[in-house]
Amino acid sequence: MTKTFDKSKLPSRYTSQGPESAPHRSYYYAMGMTEEEIDQPFVGVATCWNEAAPCNIALSRQAQAVKKGVKAAHGTPREFTTITVTDGIAMGHQGMKSSLASRDVITDSVELTMRGHCYDAMVTLAGCDKSLPGMMMAMLRLNVPAVFMYGGTILPGQFRGKDVTVIDVFEAVGTHASGKMSDEDLHELECVACPSAGSCGGQFTANTMACVSEAIGLALPGSAGAPAPYESRDEYAVASGRAVMDLIEWNLRPRDIVTRRSFENAARIVAASGGSTNAGLHLPAMAHECGIDFNLEDICELFKSTPYIADLKPGGKYVATDMYQIGGVPVLMKALLDGGYLHGDCMTVTGKTIEENLKDVVFPEDQDVIYPVSNPITPTGGVVGLKGSLAPEGAIVKVAGLSNLQFTGTARCFEREEDALEAVLNQQISEGDVIIIRYEGPRGGPGMREMLSTTSAIYGQGLGEKVALITDGRFSGATRGFCIGHVGPEAAVGGPIGLLKDGDKITIDAEKGTLDVDLSADELAARKAAWQPREHDYQSGALWKYAQLVGPARDGAVTHPGAKKEKHVYADI
């Protein structure tokens with residue numbers, strides 16, 4: 001049966017209805033659109049498709065499937081793309097400064113495209129780390145009916161009989177540098193680690209935020225699971241296109257779905273899956289788009305009371321495809337819901353609550369990828385917040401897979417990541433060192449680089465839990481070991497991390513949630529009085545602009561005032 005939609009209150013009335021829209025309609029006719037298509041709601045289909053990395057390469061194909069779903073439900077899809085910066089390519093050099101800044105560029109560019117063309121709704125598709133929160137932030141900012149869909153995980157590589165991911169290659173660089181791996185073996189590994197389209201295969205940032213998309217209610221149940229090459233992913237894309245047309249009919253918008261309780265659900269799934277510490281940046285930024293207060297401290301409080309139950313890399317032994325094969329994100333959510341850790345009454349893009357969506361999901365007993373909450377891997381989450389004299393505004397560490405949650409050592413200070421990486425590769429780091437990498441925060445970097453090249457080299461050299469690393473920058477979701485990021489205040493604004501000297505005694509206690517330097521308040525004050533700001537190299541261009549706007553990591557490193565200051569919502573124009 002043909003649906004009819006009243007466009008008199010939809011944004012696209014400005015470009016498609018009445019005599020005054022004749023010039024606009026002439027453009028639509030130029031693209032082959034029919035009068036029927038012009039009279040239907042316009043649905044933006046936004047992707048981060050590009051040829052930068054396997055994370056994004058399948059998004060164009062999936063967008064075509066979304067468009068079929070929109071058309072079948074009597075909407076008119078309008079496809080457009082935006083940028084993405086792929087962390088695996090940007091890692092370990094100055095290019096990583098572009099990564100976090102790209103999240104906000106993605107959000108801004110989608111907003112401008114939607115506003116400029118008066119689209120009524122949107123389906124967003126993303127594959128690489130920052131593009132997932134970037135797209136969901138745009139959905140929440142614009143507040144038009146919208147559905148998110150993940151592009152899917154990569155299939156695991158096979159190296160000498162075991163599953164491998166790109167993290168194995170990063171760690172192999174350190175093993176190779178220490179003389180324990182040959183050139184030939186490293187080359188063989190790099191050639192097989194990433195065998196298909198899709199995002200990095202462990203519970204790294206992309207798969208973490210994909211889990212969030214389902215838990216927070218912005219994606220169809222089960223849509224995060226299928227690997228990128230699977231045809232079933234295209235079926236979810238068609239279903240997402242159909243679903244957004246239902247949302248238009250119901251006038252059900254993202255901010256009707258995403259509440260404070262939804263963010264609590266999202267934080268729970270990050271902790272339960274041993275997910276990426278980057279969620280501590282992205283969830284506050286998403287909440288900011290709704291006018292909801294939800295910062296790093298709030299997230300870490302939830303982490304403390306959430307069991308760690310998904311045995312996923314990098315802390316565990318399984319990859320994302322393994323979780324998909326036992327039922328995917330709905331199984332993880334079902335375990336948490338039955339254990340009393342999720343708010344089952346939260347709404348989703350299906351028009352049903354989480355509890356209704358999970359009603360028929362049965363927790364599989366004959367598997368050890370996801371544990372029941374009654375028998376968790378550890379009783380508290382795989383990600384922990386820290387606070388103390390070295391981090392008054394907080395910090396974050398992934399503890400999934402760590403055998404020891406306390407560490408005391410002496411500071412080895414570096415003013416940028418490259419110098420620390422060089423020291424590691426040259427075997428100048430010793431057991432008991434606490435590597436300090438500072439002036440890499442959101443403002444000081446600028447751009448808050450990830451440190452995967454350095455942390456992987458540490459692991460590859462066998463130093464693993466024998467050293468610690470602390471930074472006002474951040475880490476890849478693939479990082480493992482005693483690696484503490486998001487330290488605030490950052491060095492660039494005079495935070496304590498910028499006052500440290502080689503040899504200072506640092507104490508980390510991830511059980512108590514503390515991060516301290518053994519210095520008196522008087523000594524810290526004296527060092528602060530002598531401290532001088534440092535000028536970074538980016539005094540023009542996009543990164544200069546980012547440094548002027550960006551706020552602290554604890555609040556999501558956001559770049560605008562957010563929903564609390566808005567005077568109108570795009571959806572209501």
# chains A, B, ... in the order shown; residues from 1 in each chain; ligands from 1
>>> select_by_dssp(residues="stretch 241-462 of chain A", states="alpha helix (DSSP H)", output="ChimeraX atom specification")
/A:241-250,254-257,260-272,279-290,296-304,320-325,329-338,354-357,417-425,452-460
>>> residues_around(residues="A:Pro446", least_positions_apart="5", cutoff="7 Å", atoms="only C-alpha atoms", output="JSON, numbers by chain")
{"A": [97, 440, 441, 543, 547]}
>>> write_last_selection(atoms="N, CA and C atoms", output="short mmCIF file (atom, residue, chain, number, x, y, z; two decimals), in the first residue's frame")
data_model
loop_
_atom_site.label_atom_id
_atom_site.label_comp_id
_atom_site.auth_asym_id
_atom_site.auth_seq_id
_atom_site.Cartn_x
_atom_site.Cartn_y
_atom_site.Cartn_z
N LYS A 97 47.26 13.62 14.36
CA LYS A 97 46.67 14.85 14.90
C LYS A 97 45.36 15.19 14.21
N GLU A 440 50.24 16.33 24.17
CA GLU A 440 49.55 15.61 23.11
C GLU A 440 48.04 15.63 23.35
N GLY A 441 47.55 16.55 24.20
CA GLY A 441 46.13 16.64 24.50
C GLY A 441 45.34 17.27 23.37
N LEU A 543 43.97 22.53 12.08
CA LEU A 543 44.37 22.14 13.43
C LEU A 543 44.54 23.35 14.34
N ALA A 547 42.36 23.79 17.78
CA ALA A 547 42.97 24.11 19.07
C ALA A 547 42.29 25.30 19.74
#
>>> residues_around(residues="A:Asn207", least_positions_apart="5", cutoff="12 Å", atoms="only C-alpha atoms", output="PyMOL selection string")
chain A and resi 55+126-133+149-154+198-202+212-214+223-228+269-270+273-276+278-279+312-314+319-321+323-324+328-329+476-478
>>> residues_around(residues="A:Asp338", least_positions_apart="5", cutoff="10 Å", atoms="only C-alpha atoms", output="list in words")
Met333, Gly344, Glu355, Phe363, Pro372 and Val373 of chain A
>>> select_by_dssp(residues="stretch 410-513 of chain A", states="strand (DSSP E)", output="ChimeraX atom specification")
/A:410-414,433-437,468-471,482-488,505-509
>>> write_last_selection(atoms="N, CA and C atoms", output="CSV table (one decimal), in the first residue's frame")
chain,number,residue,atom,x,y,z
A,410,THR,N,59.2,5.2,38.1
A,410,THR,CA,59.7,6.5,38.0
A,410,THR,C,59.5,7.1,36.6
A,411,ALA,N,59.2,8.4,36.5
A,411,ALA,CA,58.8,9.0,35.3
A,411,ALA,C,60.0,9.1,34.3
A,412,ARG,N,59.7,8.9,33.0
A,412,ARG,CA,60.6,9.2,31.9
A,412,ARG,C,59.8,10.1,31.0
A,413,CYS,N,60.1,11.4,30.9
A,413,CYS,CA,59.2,12.4,30.3
A,413,CYS,C,59.6,12.6,28.8
A,414,PHE,N,58.6,12.7,28.0
A,414,PHE,CA,58.8,13.0,26.6
A,414,PHE,C,57.7,14.1,26.2
A,433,ASP,N,60.0,1.8,34.4
A,433,ASP,CA,59.8,3.1,33.9
A,433,ASP,C,58.3,3.4,33.7
A,434,VAL,N,57.9,4.7,34.0
A,434,VAL,CA,56.6,5.2,33.7
A,434,VAL,C,56.8,6.2,32.6
A,435,ILE,N,56.5,5.9,31.3
A,435,ILE,CA,56.7,6.7,30.2
A,435,ILE,C,55.6,7.8,30.2
A,436,ILE,N,56.1,9.1,30.2
A,436,ILE,CA,55.1,10.2,30.2
A,436,ILE,C,55.2,10.9,28.8
A,437,ILE,N,54.1,10.9,28.1
A,437,ILE,CA,54.0,11.6,26.8
A,437,ILE,C,53.0,12.7,27.0
A,468,ALA,N,54.8,1.3,32.5
A,468,ALA,CA,53.5,2.0,32.3
A,468,ALA,C,53.6,3.2,31.4
A,469,LEU,N,52.5,3.6,30.8
A,469,LEU,CA,52.6,4.8,29.9
A,469,LEU,C,51.4,5.7,30.3
A,470,ILE,N,51.7,7.0,30.5
A,470,ILE,CA,50.7,8.0,30.9
A,470,ILE,C,50.8,9.1,29.9
A,471,THR,N,49.6,9.6,29.4
A,471,THR,CA,49.6,10.7,28.4
A,471,THR,C,48.3,11.5,28.6
A,482,PHE,N,49.5,-1.4,30.7
A,482,PHE,CA,49.1,-0.3,31.7
A,482,PHE,C,49.3,1.0,31.0
A,483,CYS,N,48.3,1.4,30.2
A,483,CYS,CA,48.4,2.6,29.4
A,483,CYS,C,47.3,3.6,29.8
A,484,ILE,N,47.6,4.7,30.3
A,484,ILE,CA,46.6,5.6,30.9
A,484,ILE,C,46.6,6.9,30.0
A,485,GLY,N,45.4,7.2,29.6
A,485,GLY,CA,45.2,8.3,28.7
A,485,GLY,C,44.2,9.3,29.2
A,486,HIS,N,43.9,10.4,28.4
A,486,HIS,CA,43.0,11.5,28.7
A,486,HIS,C,43.3,12.2,30.0
A,487,VAL,N,44.6,12.2,30.5
A,487,VAL,CA,44.9,12.8,31.7
A,487,VAL,C,44.6,14.3,31.6
A,488,GLY,N,43.8,14.8,32.6
A,488,GLY,CA,43.4,16.2,32.6
A,488,GLY,C,43.6,16.8,34.0
A,505,LYS,N,58.4,9.9,41.3
A,505,LYS,CA,57.7,8.6,41.6
A,505,LYS,C,56.2,8.7,41.3
A,506,ILE,N,55.8,7.8,40.5
A,506,ILE,CA,54.4,7.7,40.1
A,506,ILE,C,53.7,6.5,40.6
A,507,THR,N,52.5,6.6,41.2
A,507,THR,CA,51.8,5.4,41.7
A,507,THR,C,50.4,5.3,41.0
A,508,ILE,N,50.2,4.2,40.4
A,508,ILE,CA,48.9,3.9,39.8
A,508,ILE,C,48.2,2.8,40.5
A,509,ASP,N,46.9,3.0,40.8
A,509,ASP,CA,46.1,1.9,41.5
A,509,ASP,C,44.8,1.9,40.8
